[in-house]
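*Asks:* My structure is stored as start33.pdb, with PDB, C-alpha atoms, pLDDT in the B column.
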ATOM      1  CA  GLU R   1     123.884 142.867  71.123  1.00 51.00           C
ATOM      2  CA  THR R   2     125.435 139.950  73.018  1.00 52.00           C
ATOM      3  CA  THR R   3     124.508 136.394  72.161  1.00 55.00           C
ATOM      4  CA  MET R   4     124.095 134.172  75.192  1.00 50.00           C
ATOM      5  CA  GLY R   5     126.023 130.913  74.977  1.00 57.00           C
ATOM      6  CA  TRP R   6     124.540 127.513  75.732  1.00 47.00           C
ATOM      7  CA  THR R   7     126.362 127.344  79.081  1.00 54.00           C
ATOM      8  CA  GLU R   8     124.690 130.532  80.293  1.00 53.00           C
ATOM      9  CA  VAL R   9     121.320 129.344  78.964  1.00 44.00           C
ATOM     10  CA  VAL R  10     121.520 126.110  80.937  1.00 45.00           C
ATOM     11  CA  GLU R  11     122.741 127.849  84.104  1.00 50.00           C
ATOM     12  CA  THR R  12     120.098 130.575  84.031  1.00 50.00           C
ATOM     13  CA  ALA R  13     117.372 127.999  83.342  1.00 49.00           C
ATOM     14  CA  GLY R  14     118.078 126.229  86.615  1.00 50.00           C
ATOM     15  CA  SER R  15     115.424 126.540  89.294  1.00 51.00           C
ATOM     16  CA  PRO R  16     116.382 129.102  91.940  1.00 53.00           C
ATOM     17  CA  GLY R  17     117.075 127.560  95.299  1.00 56.00           C
ATOM     18  CA  VAL R  18     118.204 124.170  93.932  1.00 55.00           C
ATOM     19  CA  THR R  19     121.670 123.536  95.273  1.00 59.00           C
ATOM     20  CA  PRO R  20     124.108 120.703  94.524  1.00 60.00           C
ATOM     21  CA  GLU R  21     123.538 119.438  98.073  1.00 59.00           C
ATOM     22  CA  MET R  22     119.877 118.843  97.234  1.00 59.00           C
ATOM     23  CA  MET R  23     120.797 116.494  94.406  1.00 64.00           C
ATOM     24  CA  THR R  24     122.692 114.051  96.610  1.00 79.00           C
ATOM     25  CA  PRO R  25     121.646 110.356  96.636  1.00 81.00           C
ATOM     26  CA  ARG R  26     120.230 110.808 100.136  1.00 81.00           C
ATOM     27  CA  PHE R  27     117.960 113.621  98.989  1.00 79.00           C
ATOM     28  CA  LEU R  28     116.797 111.667  95.934  1.00 83.00           C
ATOM     29  CA  VAL R  29     116.030 108.621  98.072  1.00 85.00           C
ATOM     30  CA  ALA R  30     114.018 110.813 100.452  1.00 86.00           C
ATOM     31  CA  VAL R  31     112.003 112.176  97.512  1.00 85.00           C
ATOM     32  CA  LEU R  32     111.319 108.673  96.191  1.00 89.00           C
ATOM     33  CA  VAL R  33     110.249 107.475  99.645  1.00 90.00           C
ATOM     34  CA  ALA R  34     107.899 110.449  99.981  1.00 92.00           C
ATOM     35  CA  ILE R  35     106.381 109.763  96.555  1.00 91.00           C
ATOM     36  CA  LEU R  36     105.955 106.079  97.424  1.00 90.00           C
ATOM     37  CA  ALA R  37     104.327 106.951 100.758  1.00 91.00           C
ATOM     38  CA  LEU R  38     101.840 109.248  99.014  1.00 92.00           C
ATOM     39  CA  ARG R  39     101.088 106.526  96.476  1.00 90.00           C
ATOM     40  CA  VAL R  40     100.470 103.975  99.250  1.00 89.00           C
ATOM     41  CA  LEU R  41      98.078 106.367 101.020  1.00 90.00           C
ATOM     42  CA  HIS R  42      96.258 107.057  97.766  1.00 88.00           C
ATOM     43  CA  VAL R  43      95.779 103.350  97.065  1.00 88.00           C
ATOM     44  CA  ALA R  44      94.705 102.668 100.663  1.00 85.00           C
ATOM     45  CA  PHE R  45      92.021 105.360 100.739  1.00 87.00           C
ATOM     46  CA  ALA R  46      90.936 105.509  97.094  1.00 84.00           C
ATOM     47  CA  PRO R  47      88.984 102.451  95.886  1.00 77.00           C
ATOM     48  CA  PRO R  48      89.989 100.766  92.620  1.00 79.00           C
ATOM     49  CA  PRO R  49      88.065 101.850  89.524  1.00 78.00           C
ATOM     50  CA  ARG R  50      84.583 100.381  89.310  1.00 79.00           C
ATOM     51  CA  ARG R  51      83.936  98.082  86.381  1.00 80.00           C
ATOM     52  CA  PRO R  52      80.747  98.467  84.309  1.00 79.00           C
ATOM     53  CA  VAL R  53      78.035  96.059  85.436  1.00 77.00           C
ATOM     54  CA  HIS R  54      77.632  94.787  81.898  1.00 80.00           C
ATOM     55  CA  GLY R  55      81.304  95.018  81.032  1.00 85.00           C
ATOM     56  CA  PRO R  56      83.713  92.210  80.156  1.00 90.00           C
ATOM     57  CA  PRO R  57      84.244  89.293  82.575  1.00 94.00           C
ATOM     58  CA  LEU R  58      86.397  89.950  85.623  1.00 95.00           C
ATOM     59  CA  ARG R  59      89.491  87.848  86.199  1.00 96.00           C
ATOM     60  CA  THR R  60      88.812  86.585  89.699  1.00 97.00           C
ATOM     61  CA  MET R  61      91.260  85.215  92.268  1.00 97.00           C
ATOM     62  CA  ILE R  62      89.639  83.101  94.976  1.00 97.00           C
ATOM     63  CA  VAL R  63      91.493  82.192  98.168  1.00 95.00           C
ATOM     64  CA  LEU R  64      90.385  78.895  99.656  1.00 93.00           C
ATOM     65  CA  GLY R  65      90.978  77.826 103.229  1.00 81.00           C
ATOM     66  CA  SER R  66      89.702  74.615 104.715  1.00 73.00           C
ATOM     67  CA  GLY R  67      86.626  73.321 106.515  1.00 73.00           C
ATOM     68  CA  GLY R  68      83.973  75.954 107.103  1.00 78.00           C
ATOM     69  CA  HIS R  69      85.868  78.642 105.215  1.00 84.00           C
ATOM     70  CA  THR R  70      85.803  76.572 102.031  1.00 89.00           C
ATOM     71  CA  ALA R  71      82.121  75.691 102.410  1.00 89.00           C
ATOM     72  CA  GLU R  72      81.181  79.353 102.814  1.00 92.00           C
ATOM     73  CA  MET R  73      83.318  80.405  99.849  1.00 94.00           C
ATOM     74  CA  PHE R  74      81.617  77.939  97.515  1.00 94.00           C
ATOM     75  CA  ALA R  75      78.219  79.064  98.809  1.00 93.00           C
ATOM     76  CA  LEU R  76      79.269  82.586  97.838  1.00 93.00           C
ATOM     77  CA  LEU R  77      80.530  81.453  94.426  1.00 95.00           C
ATOM     78  CA  ARG R  78      77.251  79.696  93.684  1.00 93.00           C
ATOM     79  CA  ALA R  79      75.528  83.065  94.165  1.00 92.00           C
ATOM     80  CA  LEU R  80      77.832  84.752  91.630  1.00 93.00           C
ATOM     81  CA  SER R  81      77.567  84.484  87.868  1.00 93.00           C
ATOM     82  CA  PRO R  82      80.431  82.414  86.403  1.00 94.00           C
ATOM     83  CA  ARG R  83      79.957  84.350  83.179  1.00 93.00           C
ATOM     84  CA  ARG R  84      80.734  87.609  84.974  1.00 94.00           C
ATOM     85  CA  TYR R  85      83.543  86.320  87.197  1.00 95.00           C
ATOM     86  CA  ALA R  86      85.822  84.489  84.802  1.00 94.00           C
ATOM     87  CA  PRO R  87      88.325  83.064  84.416  1.00 96.00           C
ATOM     88  CA  ARG R  88      88.621  81.967  88.039  1.00 97.00           C
ATOM     89  CA  HIS R  89      91.973  81.354  89.674  1.00 97.00           C
ATOM     90  CA  TYR R  90      91.992  79.422  92.949  1.00 97.00           C
ATOM     91  CA  VAL R  91      94.751  79.835  95.523  1.00 95.00           C
ATOM     92  CA  ILE R  92      95.158  76.924  97.939  1.00 93.00           C
ATOM     93  CA  ALA R  93      97.655  76.278 100.728  1.00 89.00           C
ATOM     94  CA  ASP R  94     100.100  73.517  99.873  1.00 87.00           C
ATOM     95  CA  THR R  95      99.080  71.536 102.978  1.00 85.00           C
ATOM     96  CA  ASP R  96      95.345  71.731 102.150  1.00 86.00           C
ATOM     97  CA  GLY R  97      94.287  68.301 100.944  1.00 82.00           C
ATOM     98  CA  THR R  98      90.550  68.889 100.449  1.00 90.00           C
ATOM     99  CA  SER R  99      89.957  72.273  98.790  1.00 92.00           C
ATOM    100  CA  LEU R 100      91.289  71.194  95.378  1.00 92.00           C
ATOM    101  CA  VAL R 101      88.743  68.368  95.145  1.00 93.00           C
ATOM    102  CA  LYS R 102      85.937  70.767  96.072  1.00 94.00           C
ATOM    103  CA  ALA R 103      87.116  73.352  93.531  1.00 95.00           C
ATOM    104  CA  GLU R 104      87.187  70.741  90.774  1.00 95.00           C
ATOM    105  CA  ALA R 105      83.698  69.526  91.703  1.00 95.00           C
ATOM    106  CA  HIS R 106      82.365  73.100  91.725  1.00 96.00           C
ATOM    107  CA  GLU R 107      83.907  73.880  88.341  1.00 96.00           C
ATOM    108  CA  ALA R 108      82.551  70.653  86.866  1.00 96.00           C
ATOM    109  CA  ALA R 109      79.051  71.686  87.948  1.00 95.00           C
ATOM    110  CA  VAL R 110      79.604  75.172  86.499  1.00 95.00           C
ATOM    111  CA  GLY R 111      80.728  73.707  83.173  1.00 93.00           C
ATOM    112  CA  GLU R 112      77.694  71.436  82.949  1.00 93.00           C
ATOM    113  CA  ALA R 113      75.280  74.277  83.726  1.00 93.00           C
ATOM    114  CA  LEU R 114      76.873  76.559  81.140  1.00 93.00           C
ATOM    115  CA  ALA R 115      76.874  73.845  78.489  1.00 91.00           C
ATOM    116  CA  GLU R 116      73.136  73.363  78.979  1.00 90.00           C
ATOM    117  CA  ALA R 117      72.374  77.109  78.819  1.00 89.00           C
ATOM    118  CA  SER R 118      70.838  78.091  75.500  1.00 84.00           C
ATOM    119  CA  ASP R 119      72.177  81.662  75.531  1.00 88.00           C
ATOM    120  CA  VAL R 120      75.876  80.786  75.927  1.00 87.00           C
ATOM    121  CA  ASP R 121      77.916  80.572  72.737  1.00 88.00           C
ATOM    122  CA  ASP R 122      81.136  78.578  72.338  1.00 88.00           C
ATOM    123  CA  ASP R 123      83.465  81.522  73.006  1.00 89.00           C
ATOM    124  CA  GLU R 124      81.644  82.541  76.175  1.00 90.00           C
ATOM    125  CA  LEU R 125      81.494  78.919  77.298  1.00 91.00           C
ATOM    126  CA  ALA R 126      85.257  78.611  76.936  1.00 91.00           C
ATOM    127  CA  THR R 127      85.898  81.800  78.938  1.00 91.00           C
ATOM    128  CA  ALA R 128      83.296  81.193  81.657  1.00 93.00           C
ATOM    129  CA  SER R 129      84.466  77.594  82.165  1.00 94.00           C
ATOM    130  CA  GLU R 130      88.155  78.459  82.439  1.00 95.00           C
ATOM    131  CA  TYR R 131      89.826  78.054  85.816  1.00 96.00           C
ATOM    132  CA  SER R 132      93.249  77.347  87.246  1.00 96.00           C
ATOM    133  CA  VAL R 133      94.811  76.532  90.620  1.00 96.00           C
ATOM    134  CA  THR R 134      97.948  77.733  92.392  1.00 95.00           C
ATOM    135  CA  ARG R 135      99.322  76.290  95.592  1.00 94.00           C
ATOM    136  CA  ILE R 136     101.298  78.511  97.952  1.00 91.00           C
ATOM    137  CA  PRO R 137     102.986  77.752 101.297  1.00 87.00           C
ATOM    138  CA  ARG R 138     101.124  78.551 104.485  1.00 78.00           C
ATOM    139  CA  ALA R 139     102.467  81.580 106.309  1.00 70.00           C
ATOM    140  CA  ARG R 140     102.231  79.784 109.641  1.00 64.00           C
ATOM    141  CA  GLU R 141     101.042  76.407 110.828  1.00 61.00           C
ATOM    142  CA  VAL R 142      99.239  75.881 114.122  1.00 57.00           C
ATOM    143  CA  GLY R 143     101.766  75.554 116.941  1.00 58.00           C
ATOM    144  CA  GLN R 144     104.679  76.784 114.855  1.00 57.00           C
ATOM    145  CA  GLY R 145     107.364  78.832 116.627  1.00 62.00           C
ATOM    146  CA  TRP R 146     107.676  82.554 115.918  1.00 64.00           C
ATOM    147  CA  VAL R 147     111.256  82.363 114.624  1.00 65.00           C
ATOM    148  CA  HIS R 148     110.389  79.650 112.141  1.00 67.00           C
ATOM    149  CA  SER R 149     107.187  81.549 111.293  1.00 69.00           C
ATOM    150  CA  PHE R 150     109.206  84.536 110.078  1.00 74.00           C
ATOM    151  CA  PHE R 151     110.910  82.492 107.371  1.00 78.00           C
ATOM    152  CA  THR R 152     107.777  80.604 106.346  1.00 77.00           C
ATOM    153  CA  THR R 153     105.868  83.901 106.147  1.00 78.00           C
ATOM    154  CA  MET R 154     108.504  85.392 103.852  1.00 85.00           C
ATOM    155  CA  ARG R 155     108.311  82.317 101.636  1.00 87.00           C
ATOM    156  CA  ALA R 156     104.523  82.544 101.541  1.00 87.00           C
ATOM    157  CA  MET R 157     104.660  86.262 100.695  1.00 89.00           C
ATOM    158  CA  PHE R 158     107.013  85.624  97.781  1.00 92.00           C
ATOM    159  CA  SER R 159     104.766  82.882  96.376  1.00 94.00           C
ATOM    160  CA  ALA R 160     101.638  84.999  96.871  1.00 93.00           C
ATOM    161  CA  PHE R 161     103.128  88.063  95.186  1.00 94.00           C
ATOM    162  CA  ARG R 162     104.294  85.946  92.267  1.00 95.00           C
ATOM    163  CA  ALA R 163     100.802  84.488  91.850  1.00 95.00           C
ATOM    164  CA  VAL R 164      99.095  87.895  91.930  1.00 96.00           C
ATOM    165  CA  PHE R 165     101.576  89.543  89.575  1.00 96.00           C
ATOM    166  CA  ALA R 166     101.271  86.631  87.131  1.00 95.00           C
ATOM    167  CA  GLU R 167      97.458  86.508  87.102  1.00 95.00           C
ATOM    168  CA  LYS R 168      96.765  90.272  87.351  1.00 96.00           C
ATOM    169  CA  PRO R 169      93.238  89.713  88.720  1.00 96.00           C
ATOM    170  CA  ASP R 170      90.423  92.237  88.555  1.00 95.00           C
ATOM    171  CA  ALA R 171      88.936  90.961  91.811  1.00 95.00           C
ATOM    172  CA  VAL R 172      90.182  89.007  94.829  1.00 97.00           C
ATOM    173  CA  LEU R 173      87.686  87.114  97.003  1.00 96.00           C
ATOM    174  CA  CYS R 174      88.663  85.804 100.429  1.00 94.00           C
ATOM    175  CA  ASN R 175      86.897  84.887 103.642  1.00 90.00           C
ATOM    176  CA  GLY R 176      89.319  84.305 106.450  1.00 79.00           C
ATOM    177  CA  PRO R 177      92.053  81.699 106.012  1.00 74.00           C
ATOM    178  CA  GLY R 178      95.538  82.951 106.868  1.00 75.00           C
ATOM    179  CA  THR R 179      96.557  82.209 103.282  1.00 82.00           C
ATOM    180  CA  CYS R 180      94.597  85.240 102.135  1.00 88.00           C
ATOM    181  CA  VAL R 181      96.755  87.815 103.960  1.00 88.00           C
ATOM    182  CA  PRO R 182      99.828  87.371 101.670  1.00 91.00           C
ATOM    183  CA  ILE R 183      97.537  87.306  98.606  1.00 94.00           C
ATOM    184  CA  VAL R 184      95.751  90.507  99.624  1.00 94.00           C
ATOM    185  CA  ALA R 185      99.102  92.159 100.380  1.00 93.00           C
ATOM    186  CA  GLY R 186     100.262  91.172  96.902  1.00 94.00           C
ATOM    187  CA  ALA R 187      97.093  92.651  95.396  1.00 95.00           C
ATOM    188  CA  PHE R 188      97.720  95.907  97.264  1.00 94.00           C
ATOM    189  CA  VAL R 189     101.336  96.106  96.082  1.00 94.00           C
ATOM    190  CA  SER R 190     100.253  95.386  92.495  1.00 94.00           C
ATOM    191  CA  ARG R 191      97.998  98.455  92.709  1.00 93.00           C
ATOM    192  CA  VAL R 192     100.742 100.608  94.234  1.00 93.00           C
ATOM    193  CA  PHE R 193     103.032  99.830  91.298  1.00 92.00           C
ATOM    194  CA  ALA R 194     100.192  99.895  88.728  1.00 90.00           C
ATOM    195  CA  VAL R 195     100.737  96.273  87.719  1.00 91.00           C
ATOM    196  CA  ALA R 196      97.035  95.534  88.189  1.00 90.00           C
ATOM    197  CA  SER R 197      94.027  97.118  89.885  1.00 90.00           C
ATOM    198  CA  PRO R 198      92.212  94.321  91.722  1.00 93.00           C
ATOM    199  CA  ALA R 199      89.313  95.057  94.034  1.00 94.00           C
ATOM    200  CA  VAL R 200      89.680  93.053  97.252  1.00 95.00           C
ATOM    201  CA  VAL R 201      86.486  91.738  98.849  1.00 95.00           C
ATOM    202  CA  TYR R 202      86.682  90.092 102.262  1.00 95.00           C
ATOM    203  CA  VAL R 203      83.718  88.208 103.720  1.00 95.00           C
ATOM    204  CA  GLU R 204      84.005  87.415 107.420  1.00 94.00           C
ATOM    205  CA  SER R 205      82.993  83.917 108.470  1.00 91.00           C
ATOM    206  CA  ALA R 206      79.521  83.360 109.897  1.00 90.00           C
ATOM    207  CA  ALA R 207      81.232  81.772 112.875  1.00 89.00           C
ATOM    208  CA  ARG R 208      82.438  85.229 113.941  1.00 91.00           C
ATOM    209  CA  THR R 209      79.430  86.646 115.783  1.00 90.00           C
ATOM    210  CA  LYS R 210      80.992  89.168 118.188  1.00 91.00           C
ATOM    211  CA  THR R 211      84.491  89.988 116.942  1.00 93.00           C
ATOM    212  CA  MET R 212      86.316  89.617 113.660  1.00 93.00           C
ATOM    213  CA  SER R 213      88.941  86.964 113.156  1.00 91.00           C
ATOM    214  CA  LEU R 214      92.615  87.949 113.236  1.00 88.00           C
ATOM    215  CA  THR R 215      92.658  87.969 109.433  1.00 89.00           C
ATOM    216  CA  GLY R 216      89.572  90.172 109.348  1.00 92.00           C
ATOM    217  CA  ARG R 217      91.003  92.622 111.864  1.00 92.00           C
ATOM    218  CA  ILE R 218      94.256  92.876 109.893  1.00 91.00           C
ATOM    219  CA  LEU R 219      92.522  93.552 106.582  1.00 93.00           C
ATOM    220  CA  TYR R 220      90.044  95.966 108.180  1.00 94.00           C
ATOM    221  CA  ALA R 221      92.621  97.998 110.141  1.00 93.00           C
ATOM    222  CA  THR R 222      95.164  98.226 107.318  1.00 92.00           C
ATOM    223  CA  ARG R 223      92.524  98.950 104.634  1.00 91.00           C
ATOM    224  CA  LEU R 224      94.019  96.208 102.491  1.00 92.00           C
ATOM    225  CA  ALA R 225      90.466  95.071 101.753  1.00 93.00           C
ATOM    226  CA  ASP R 226      88.313  97.452  99.714  1.00 93.00           C
ATOM    227  CA  GLU R 227      85.072  95.923 100.948  1.00 93.00           C
ATOM    228  CA  VAL R 228      84.570  94.040 104.210  1.00 95.00           C
ATOM    229  CA  PHE R 229      81.322  92.129 104.655  1.00 95.00           C
ATOM    230  CA  VAL R 230      80.103  90.579 107.900  1.00 94.00           C
ATOM    231  CA  GLN R 231      77.264  88.128 108.446  1.00 93.00           C
ATOM    232  CA  TRP R 232      75.970  89.496 111.729  1.00 93.00           C
ATOM    233  CA  GLU R 233      74.451  92.934 112.296  1.00 93.00           C
ATOM    234  CA  GLY R 234      76.270  93.301 115.624  1.00 92.00           C
ATOM    235  CA  LEU R 235      79.626  93.059 113.867  1.00 93.00           C
ATOM    236  CA  ALA R 236      78.621  95.800 111.448  1.00 93.00           C
ATOM    237  CA  ARG R 237      77.861  98.065 114.390  1.00 93.00           C
ATOM    238  CA  ARG R 238      81.211  97.271 115.999  1.00 94.00           C
ATOM    239  CA  TYR R 239      83.162  97.821 112.764  1.00 95.00           C
ATOM    240  CA  PRO R 240      81.597 100.879 111.054  1.00 93.00           C
ATOM    241  CA  ARG R 241      83.283 100.388 107.672  1.00 93.00           C
ATOM    242  CA  ALA R 242      82.081  96.783 107.449  1.00 94.00           C
ATOM    243  CA  LYS R 243      78.845  96.033 105.635  1.00 94.00           C
ATOM    244  CA  TYR R 244      76.122  93.616 106.701  1.00 93.00           C
ATOM    245  CA  ALA R 245      74.723  91.675 103.766  1.00 83.00           C
ATOM    246  CA  GLY R 246      72.970  88.766 105.447  1.00 85.00           C
ATOM    247  CA  ARG R 247      74.133  85.177 105.688  1.00 84.00           C
ATOM    248  CA  VAL R 248      76.099  83.485 102.910  1.00 79.00           C
ATOM    249  CA  CYS R 249      74.754  80.068 103.806  1.00 68.00           C
TER     250      CYS R 249
END
Mind converting the file's structure to structure tokens?

*Replies:*
Amino acid sequence: ETTMGWTEVVETAGSPGVTPEMMTPRFLVAVLVAILALRVLHVAFAPPPRRPVHGPPLRTMIVLGSGGHTAEMFALLRALSPRRYAPRHYVIADTDGTSLVKAEAHEAAVGEALAEASDVDDDELATASEYSVTRIPRAREVGQGWVHSFFTTMRAMFSAFRAVFAEKPDAVLCNGPGTCVPIVAGAFVSRVFAVASPAVVYVESAARTKTMSLTGRILYATRLADEVFVQWEGLARRYPRAKYAGRVC
């Protein structure tokens, strides 16, 4: 009886049909690209895991714009439980001079209300009152040239991705400012690479009565947003995947 040597064992164990040409760097890159493409499609069409209603607080990233966008976002936040959505991390454009003051005023009111609540212990008070702020560059200013916009957009994307990867939020709330596109893209990439699994919720501005804003159309068409809410029934009919949930304010 002949004993098979280790060389023969390894050679005979090889998968039939696998040739040295198939193990070239080009082939391996093609396989990795295919795997990545499948992962991107899976993340785009499969929603993030749902959290239990009575589960632990959700780390929440909130993208603030300016003017009406900010007013609507704080109206939305006042309707949400700070005990459920905590800690809160605000993202503000570096040229926005008003949203930080409004965020601080909102959080001060939240802290006072929680401190007066009889069913909130010290640990929960500390968690539910916690918030932080990150400033990122705007992707594009009004009137800015397209060539310059490319470089400012890349800078904004880098800052947004860094913020998302550092915070690892469970939820991202946004309602229209251009600042939210890099943040939502960062949230999507964090899910692709399993860094975090944030659910992205986009609420279209009440000012959009007939068509979505450019930001809304981008997030809707690319499926970067898991849930898209509109404040007019006509918009929900025009965009079938959007949901009508009444007016925020």

*Asks:* Choose the residue, out of R:Arg217, R:Arg191, R:Arg247, R:Arg84, that has the smallest atom-to-atom separation from Val164 (chain R); count all atoms listed in the file.

*Replies:*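 So, comparing all the options, the nearest one is R:Arg191.
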
*Asks:* Just give me the gap between CA of Gly55 (chain R) and CA of Tyr244 (chain R) in Å, one decimal is fine.

*Replies:*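 We find that CA of Gly55 (chain R) and CA of Tyr244 (chain R) lie 26.2 Å from each other.
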
*Asks:* Within 9 Å of region 181-186 of chain R, counting only C-alpha atoms, which residues show up once you throw out same-chain ones fewer than 5 positions away? Write them as number ranges by chain, please.

*Replies:* R: 63, 91, 139, 153, 156-165, 172, 174, 176, 191, 200, 215, 218-219, 224-225

*Asks:* Report the distance between CA of Lys168 (chain R) and CA of Glu104 (chain R) in Å, rounded to one decimal place.

*Replies:*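 So the two atoms, CA of Lys168 (chain R) and CA of Glu104 (chain R), lie 22.0 Å apart.
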
*Asks:* Find the residues near Thr211 (chain R): any atom within 12 Å, counting only C-alpha atoms, skip ones fewer than 2 places away on the same chain, and give them as a list in words.

*Replies:*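 Returned residues: Glu204, Ser205, Ala206, Ala207, Arg208, Thr209, Ser213, Leu214, Thr215, Gly216, Arg217, Tyr220, Val230, Gln231, Trp232, Glu233, Gly234, Leu235, Ala236, Arg237, Arg238, Tyr239 and Ala242 of chain R.
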
*Asks:* Find the spatial neighbours of Leu58 (chain R), counting only C-alpha atoms, within a cut-off of 12 Å - ignore same-chain residues fewer than 5 positions away - and output them as a ChimeraX atom specification.

*Replies:* /R:50-53,80-89,127-128,167-173,197-199

*Asks:* Restricting it to C-alpha atoms, dump the selection as a compact mmCIF listing (two decimals), in the coordinates of the input.

*Replies:*
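So the final result, stored in selection.txt, reads:
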# COMPACT_ATOMS: atom_id res chain seq x y z
CA ARG R 50 84.58 100.38 89.31
CA ARG R 51 83.94 98.08 86.38
CA PRO R 52 80.75 98.47 84.31
CA VAL R 53 78.04 96.06 85.44
CA LEU R 80 77.83 84.75 91.63
CA SER R 81 77.57 84.48 87.87
CA PRO R 82 80.43 82.41 86.40
CA ARG R 83 79.96 84.35 83.18
CA ARG R 84 80.73 87.61 84.97
CA TYR R 85 83.54 86.32 87.20
CA ALA R 86 85.82 84.49 84.80
CA PRO R 87 88.32 83.06 84.42
CA ARG R 88 88.62 81.97 88.04
CA HIS R 89 91.97 81.35 89.67
CA THR R 127 85.90 81.80 78.94
CA ALA R 128 83.30 81.19 81.66
CA GLU R 167 97.46 86.51 87.10
CA LYS R 168 96.76 90.27 87.35
CA PRO R 169 93.24 89.71 88.72
CA ASP R 170 90.42 92.24 88.56
CA ALA R 171 88.94 90.96 91.81
CA VAL R 172 90.18 89.01 94.83
CA LEU R 173 87.69 87.11 97.00
CA SER R 197 94.03 97.12 89.88
CA PRO R 198 92.21 94.32 91.72
CA ALA R 199 89.31 95.06 94.03

*Asks:* Using all atoms listed in the file, determine which residues lie at most 9 Å from His69 (chain R), disregarding the query and same-chain residues fewer than 3 positions distant; provide the list as a short mmCIF file (atom, residue, chain, number, x, y, z; two decimals) with C-alpha atoms, in the frame of the given file.

*Replies:*
data_model
loop_
_atom_site.label_atom_id
_atom_site.label_comp_id
_atom_site.auth_asym_id
_atom_site.auth_seq_id
_atom_site.Cartn_x
_atom_site.Cartn_y
_atom_site.Cartn_z
CA LEU R 64 90.38 78.90 99.66
CA GLY R 65 90.98 77.83 103.23
CA SER R 66 89.70 74.61 104.72
CA GLU R 72 81.18 79.35 102.81
CA MET R 73 83.32 80.40 99.85
CA PHE R 74 81.62 77.94 97.52
CA ASN R 175 86.90 84.89 103.64
CA GLY R 176 89.32 84.30 106.45
CA PRO R 177 92.05 81.70 106.01
CA SER R 205 82.99 83.92 108.47
#

*Asks:* For the atom pair CA of Ser190 (chain R) and CA of Leu77 (chain R), what is the interatomic distance in Å to one decimal place?

*Replies:*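 Straight-line distance from CA of Ser190 (chain R) to CA of Leu77 (chain R) works out to 24.2 Å.
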
*Asks:* Could you tell me, as a PDB file with C-alpha atoms, in the coordinates of the input, exactly which residues end up selected when the PyMOL selection byres ((chain R and resi 137) around 7) is applied to this structure?

*Replies:*
ATOM      1  CA  ALA R  93      97.655  76.278 100.728  1.00 89.00           C
ATOM      2  CA  ASP R  94     100.100  73.517  99.873  1.00 87.00           C
ATOM      3  CA  ARG R 135      99.322  76.290  95.592  1.00 94.00           C
ATOM      4  CA  ILE R 136     101.298  78.511  97.952  1.00 91.00           C
ATOM      5  CA  ARG R 138     101.124  78.551 104.485  1.00 78.00           C
ATOM      6  CA  ALA R 139     102.467  81.580 106.309  1.00 70.00           C
ATOM      7  CA  ALA R 156     104.523  82.544 101.541  1.00 87.00           C
TER       8      ALA R 156
END

*Asks:* Report, as lines of an AutoDock Vina configuration file, the axis-aligned box around all atoms of region 60-65 of chain R present in the file, extended by 4 Å on each side; give centre and edge lengths in Å to one decimal place.

*Replies:*
center_x = 90.2
center_y = 82.2
center_z = 96.5
size_x = 10.7
size_y = 16.8
size_z = 21.5

*Asks:* Which residue out of R:Tyr131, R:Phe188, R:Phe27, R:Phe229 has the minimum interatomic distance to Ala44 (chain R) when only C-alpha atoms are used?

*Replies:*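 Of all the options, R:Phe188 lies closest to Ala44 (chain R).
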
*Asks:* Smallest atom-to-atom distance to Ser99 (chain R): which of R:Pro57, R:Glu130, R:Ser118, R:Gly67, using only C-alpha atoms?

*Replies:*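 Of R:Pro57, R:Glu130, R:Ser118, R:Gly67, the one nearest Ser99 (chain R), counting only C-alpha atoms, is R:Gly67.
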
*Asks:* Mind rebuilding region 161-169 of chain R with N, CA and C atoms and writing that out as an mmCIF file, in the coordinates of the input?

*Replies:*
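Writing done, so here's out-v9.cif:
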data_model
loop_
_atom_site.group_PDB
_atom_site.id
_atom_site.type_symbol
_atom_site.label_atom_id
_atom_site.label_comp_id
_atom_site.auth_asym_id
_atom_site.auth_seq_id
_atom_site.Cartn_x
_atom_site.Cartn_y
_atom_site.Cartn_z
ATOM 1 N N PHE R 161 102.878 86.936 96.080
ATOM 2 C CA PHE R 161 103.128 88.063 95.186
ATOM 3 C C PHE R 161 103.330 87.569 93.762
ATOM 4 N N ARG R 162 104.052 86.485 93.609
ATOM 5 C CA ARG R 162 104.294 85.946 92.267
ATOM 6 C C ARG R 162 102.982 85.521 91.612
ATOM 7 N N ALA R 163 102.091 84.912 92.387
ATOM 8 C CA ALA R 163 100.802 84.488 91.850
ATOM 9 C C ALA R 163 99.957 85.677 91.408
ATOM 10 N N VAL R 164 99.905 86.714 92.249
ATOM 11 C CA VAL R 164 99.095 87.895 91.930
ATOM 12 C C VAL R 164 99.663 88.631 90.723
ATOM 13 N N PHE R 165 100.966 88.814 90.690
ATOM 14 C CA PHE R 165 101.576 89.543 89.575
ATOM 15 C C PHE R 165 101.448 88.765 88.274
ATOM 16 N N ALA R 166 101.408 87.439 88.343
ATOM 17 C CA ALA R 166 101.271 86.631 87.131
ATOM 18 C C ALA R 166 99.832 86.662 86.614
ATOM 19 N N GLU R 167 98.859 86.581 87.514
ATOM 20 C CA GLU R 167 97.458 86.508 87.102
ATOM 21 C C GLU R 167 96.852 87.880 86.808
ATOM 22 N N LYS R 168 97.323 88.921 87.509
ATOM 23 C CA LYS R 168 96.765 90.272 87.351
ATOM 24 C C LYS R 168 95.235 90.258 87.450
ATOM 25 N N PRO R 169 94.698 89.835 88.597
ATOM 26 C CA PRO R 169 93.238 89.713 88.720
ATOM 27 C C PRO R 169 92.545 91.068 88.773
#
